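Quick notes on the structure that follows.
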Amino acid sequence: MSGFYTLLYKELLRFWKVGLQSVFAPMLATLLYLLIFSHVLEKHAQAYPDVAYTVFLIPGLVMMAMLQNAFANSASSLIQSKVSGSIVFILLSPLSYMEIFLAYVLASIVRGLLVGVGVYLATLIFFEVPLRSFLWVFLFALMGNGLLGALGIIAAIWADKFDQLAAFQNFVILPLTFLSGVFYTIHSLPSFWKGLSHFNPFFYVIDGFRYGFFGVSDTSPYFSLAIVAACFLTVSWITLQMLKTGYKLRH
Amino acid sequence: MTPAIEVKQVYKRFGTTHALAGVDLEINVGDFFALLGPNGAGKTTLINILAGLTLASSGSSCIMGHNVVTNYREARRMLGVVPQELVFDPFFTVRETLSIQSGYYGLKNNDSWIDQIIYHLDLADKVNANMRTLSGGMKRRVLVAQALVHKPPVIVLDEPTAGVDVELRQALWRFIKQLNRDGHTIVLTTHYLDEAEALCSRVAMLKQGKIVALDSTRNLIKSITGCSVRLRLSPDILPSVLQPLMGSYDEGCYILAVNDYSQIENVLAALRVAQVQVLEMQLLQPDLEEVFVKIMGSAENLEPV
Ligand SMILES: Nc1ncnc2c1ncn2[C@@H]1O[C@H](COP(=O)(O)OP(=O)(O)OP(=O)(O)O)[C@@H](O)[C@H]1O
Ligand SMILES: [Mg+2]
């Protein structure tokens, strides 16, 4: 197992060297979102009774920052070593595909959580955000980051170039996050869009996560957890198959 | 005894290119082995298959008896590969690169061996430099070091001396010879045939994905019959009786092909009779390069696969 620890350590060291910008940038972005949206919409939007719109926004923004960073961590690390060729050092080693998978996903989770905690703490300076159940919050954070970490691996294995990875990020990950109810509850949507949202796994990640803070949600948190866990397992299985067969890695 | 490397009927196709077309090869433990062949012959492909970087289309390969696909973890522990391409991870220093690589093999407290490698490859004053800042030859040294961190019994070097200065080349081979004496099996590819001839006891020649020669270096060289004599004459005229032996004339020297040493006596006698004086005489032994050229030439018409 110590090969696995080394790879995890290497991934974390890389993230560390890339710089704390990867934690501070999303903190700043989130505060800007909050500033703008709360200023514009505070009077007009009310998602849940007793929850101010700005406060309602916070868990969604925290989760969005986590998802993007978890994805970016595994994806950018892998594509970089693939394009530069330094991936051979991992491929030459006796690391099993399971160890490779776990190391990348765990590193993504660590980065996601760090960013999430940073963003959350930053909002606490200006707003009072309740935290009803740490366990729900933690479970959804873990699953969400894990899911995106695995998706990052898939995207980076599939992509041959940086711009293909960027396309995956812009045309798949970004729309799914923005349309997952970060900025609204889906009850406010026309029924067609509401129905469609139920096919977006990110919706359940954010809805369940928000439940942990406010104790209210659009869908039952148990149901959300089941969906998110099922997605995580499916995506993990696909990632493991790709690593096992050496798809686009071992020619 | 289990061979260090065993390759059985390995084929590899890339689209319509047949990179390997039925390779069989056995390399014994302790061998110093050269894999030779022109550009595109399939040397790197074969090495990548052994390393698991490429998957064979069919056939099987084993490292120290461990199948490289079904028992890949053991096989990879036994193998150290210096890749042909200069690759490096720009995030880390030389020391970090080496200890991370060693960690992948699950090795702890490996620092004294890493220090030895650093010393032998003359990397000591660069250990804390970022990989990005190293020169090409320095990066090559780190690549060699990375292949050795886990003290693999089988070491494969894919053109390790391409673009490397004389000093490192000598230091590298000294170190590799030392490892060979300690029992490590060495396989190398190179386009410098004198290098292969000086170092390697056995040679395989690959052409268009097929092994066209496989023997000890000595036997291969012996297979070339005869040798050549290089003569500078005064007056600079070759007697007509010697014309049939004439190989070439260059820079004032005649190069004559003779079947064996006794024929040299006849050549000298003929010169004396013609009253031609020998100013300079040099015996040219056949070498691996000659064998290579001859074998690649005669294998010119491999049937298309
Ligand atoms: N990934 C790949 N995709 C397509 N073709 C490939 C790939 N890798 C190698 N080939 C082809 O396989 C053949 C053998 O290539 P290989 O790299 O094994 O040659 P080599 O003997 O190492 O040559 P060199 O001396 O130039 O390093 C070549 O025709 C090459 O173009
Ligand atoms: Mg090659």
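Residues are referred to by chain and number: the chain letter is A, B, ... according to the order shown in the structure tokens, the number counts from 1 in that chain, and ligands are numbered separately from 1 in the order shown.
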
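Residues of chain A having any atom within 6 Å of chain B, counting only C-alpha atoms, are Ser2, Gly3, Thr6, Gly85, Ser86, Pro94, Arg250 and His251 of chain A.
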
* Just asking: which residues within stretch 80-173 of chain A are helix (DSSP H, G or I) according to DSSP, as a ChimeraX atom specification? -> /A:80-84,88-91,97-124,134-158,162-173

* Considering only C-alpha atoms, return as a count of residues only whatever protein or nucleic-acid residues lie within 12 Å of stretch 43-46 of chain B, sequence-local ones (same chain, fewer than 6 positions apart) excluded. => 56

* All strand (DSSP E or B) positions in stretch 69-255 of chain B, as a PyMOL selection string -> chain B and resi 79-82+93+130+154-158+185-189+202-207+210-216+227-234+246-250+253-255

* To do: Can you pull out every residue within 9 Å of A:Asp160, counting only C-alpha atoms, but drop anything in the same chain fewer than 5 positions away, and send it as a PyMOL selection string?
  => chain A and resi 79+82-83+165+248

Write the residues of the preceding selection, restricted to all heavy atoms, as an mmCIF file, in the first residue's frame.
```cif
data_model
loop_
_atom_site.group_PDB
_atom_site.id
_atom_site.type_symbol
_atom_site.label_atom_id
_atom_site.label_comp_id
_atom_site.auth_asym_id
_atom_site.auth_seq_id
_atom_site.Cartn_x
_atom_site.Cartn_y
_atom_site.Cartn_z
ATOM 1 N N ILE A 79 -3.667 15.178 -17.169
ATOM 2 C CA ILE A 79 -3.451 15.603 -18.548
ATOM 3 C C ILE A 79 -2.045 16.162 -18.696
ATOM 4 O O ILE A 79 -1.382 15.928 -19.712
ATOM 5 C CB ILE A 79 -4.516 16.623 -19.017
ATOM 6 C CG1 ILE A 79 -4.448 16.821 -20.538
ATOM 7 C CG2 ILE A 79 -4.325 17.992 -18.393
ATOM 8 C CD1 ILE A 79 -5.254 15.873 -21.325
ATOM 9 N N LYS A 82 0.250 13.336 -18.891
ATOM 10 C CA LYS A 82 0.040 12.610 -20.144
ATOM 11 C C LYS A 82 0.694 13.349 -21.303
ATOM 12 O O LYS A 82 1.408 12.761 -22.105
ATOM 13 C CB LYS A 82 -1.465 12.480 -20.397
ATOM 14 C CG LYS A 82 -1.888 11.077 -20.763
ATOM 15 C CD LYS A 82 -3.387 10.988 -20.928
ATOM 16 C CE LYS A 82 -3.826 11.371 -22.306
ATOM 17 N NZ LYS A 82 -5.258 11.053 -22.549
ATOM 18 N N VAL A 83 0.441 14.650 -21.376
ATOM 19 C CA VAL A 83 0.978 15.433 -22.491
ATOM 20 C C VAL A 83 2.503 15.519 -22.411
ATOM 21 O O VAL A 83 3.196 15.398 -23.420
ATOM 22 C CB VAL A 83 0.338 16.838 -22.520
ATOM 23 C CG1 VAL A 83 1.062 17.748 -23.501
ATOM 24 C CG2 VAL A 83 -1.130 16.733 -22.890
ATOM 25 N N LEU A 165 -9.762 18.831 -22.971
ATOM 26 C CA LEU A 165 -10.129 18.793 -21.559
ATOM 27 C C LEU A 165 -10.953 20.034 -21.202
ATOM 28 O O LEU A 165 -11.966 19.950 -20.511
ATOM 29 C CB LEU A 165 -8.872 18.725 -20.690
ATOM 30 C CG LEU A 165 -9.138 18.619 -19.193
ATOM 31 C CD1 LEU A 165 -9.809 17.304 -18.858
ATOM 32 C CD2 LEU A 165 -7.852 18.763 -18.410
ATOM 33 N N LYS A 248 -6.245 4.434 -23.748
ATOM 34 C CA LYS A 248 -5.527 5.678 -24.076
ATOM 35 C C LYS A 248 -4.302 5.954 -23.197
ATOM 36 O O LYS A 248 -3.744 7.043 -23.250
ATOM 37 C CB LYS A 248 -6.472 6.880 -24.013
ATOM 38 C CG LYS A 248 -7.414 6.928 -25.200
ATOM 39 C CD LYS A 248 -7.752 8.361 -25.540
ATOM 40 C CE LYS A 248 -8.617 8.443 -26.775
ATOM 41 N NZ LYS A 248 -8.858 9.822 -27.164
#
```

* Option closest in space to ligand 2, from B:Asp111, B:Arg140, B:Ile118, B:Ala162 [counting only C-alpha atoms and all ligand atoms] ->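 Of B:Asp111, B:Arg140, B:Ile118, B:Ala162, the one nearest ligand 2 is B:Ala162, counting only C-alpha atoms and all ligand atoms.
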
* Counting only C-alpha atoms and all ligand atoms, which of B:Gly30, B:Thr161, B:Asp182, B:Pro38 gets nearest to ligand 2? ->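 Looking at the shortest contact to ligand 2, the residue is B:Pro38.
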
* To do: May I ask for the distance between atom CA of A:Asn73 and atom CA of A:Leu32, given in Å to one decimal place?
  =>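 One can read the atom CA of A:Asn73 to atom CA of A:Leu32 distance as 22.9 Å.
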
* Asked: Contacts of stretch 11-16 of chain A at 12 Å or less, counting only C-alpha atoms, minus same-chain residues fewer than 3 places along, as number ranges by chain?
  -> A: 4-8, 19-23, 69-70, 72-78, 80-81, 90, 100-112, 114-115; B: 89-93, 96-97, 100

Would you list the contacts of A:Ile186 as a PDB file with C-alpha atoms, in the first residue's frame, taking every protein, DNA or RNA residue within 12 Å and counting only C-alpha atoms, but skipping same-chain residues closer than 3 positions in sequence?
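The resulting around.pdb:
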```pdb
ATOM      1  CA  ALA A  47     -36.048  30.132  -1.786  1.00  0.00           C
ATOM      2  CA  TYR A  48     -37.195  28.790   1.553  1.00  0.00           C
ATOM      3  CA  LEU A 179     -28.156  24.089 -13.827  1.00  0.00           C
ATOM      4  CA  SER A 180     -28.102  22.114 -10.606  1.00  0.00           C
ATOM      5  CA  GLY A 181     -29.831  24.685  -8.439  1.00  0.00           C
ATOM      6  CA  VAL A 182     -26.877  26.568  -7.079  1.00  0.00           C
ATOM      7  CA  PHE A 183     -28.703  29.868  -7.554  1.00  0.00           C
ATOM      8  CA  LEU A 189     -38.690  26.520 -12.254  1.00  0.00           C
ATOM      9  CA  PRO A 190     -41.282  25.777 -14.968  1.00  0.00           C
ATOM     10  CA  SER A 191     -42.236  22.113 -14.735  1.00  0.00           C
ATOM     11  CA  PHE A 192     -40.278  21.059 -17.836  1.00  0.00           C
ATOM     12  CA  TRP A 193     -37.016  22.381 -16.422  1.00  0.00           C
ATOM     13  CA  LYS A 194     -37.899  21.074 -13.027  1.00  0.00           C
ATOM     14  CA  GLY A 195     -38.341  17.587 -14.465  1.00  0.00           C
ATOM     15  CA  LEU A 196     -35.101  17.870 -16.376  1.00  0.00           C
ATOM     16  CA  SER A 197     -33.204  18.911 -13.272  1.00  0.00           C
ATOM     17  CA  HIS A 198     -34.014  15.563 -11.715  1.00  0.00           C
ATOM     18  CA  ASN A 200     -28.832  16.071 -13.237  1.00  0.00           C
ATOM     19  CA  PHE A 203     -28.692  18.655  -8.407  1.00  0.00           C
ATOM     20  CA  TYR A 204     -28.809  15.903  -5.769  1.00  0.00           C
ATOM     21  CA  ILE A 206     -26.234  20.325  -3.961  1.00  0.00           C
ATOM     22  CA  ASP A 207     -29.745  19.648  -2.648  1.00  0.00           C
ATOM     23  CA  SER A 217     -34.461  20.595   0.697  1.00  0.00           C
ATOM     24  CA  ASP A 218     -36.279  19.990  -2.574  1.00  0.00           C
ATOM     25  CA  THR A 219     -35.874  16.211  -2.340  1.00  0.00           C
TER      26      THR A 219
END
```

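Using only C-alpha atoms, the nearest neighbour of A:Leu95 within the list A:Lys161, A:Lys17, A:His39, A:Lys244 is A:Lys244.
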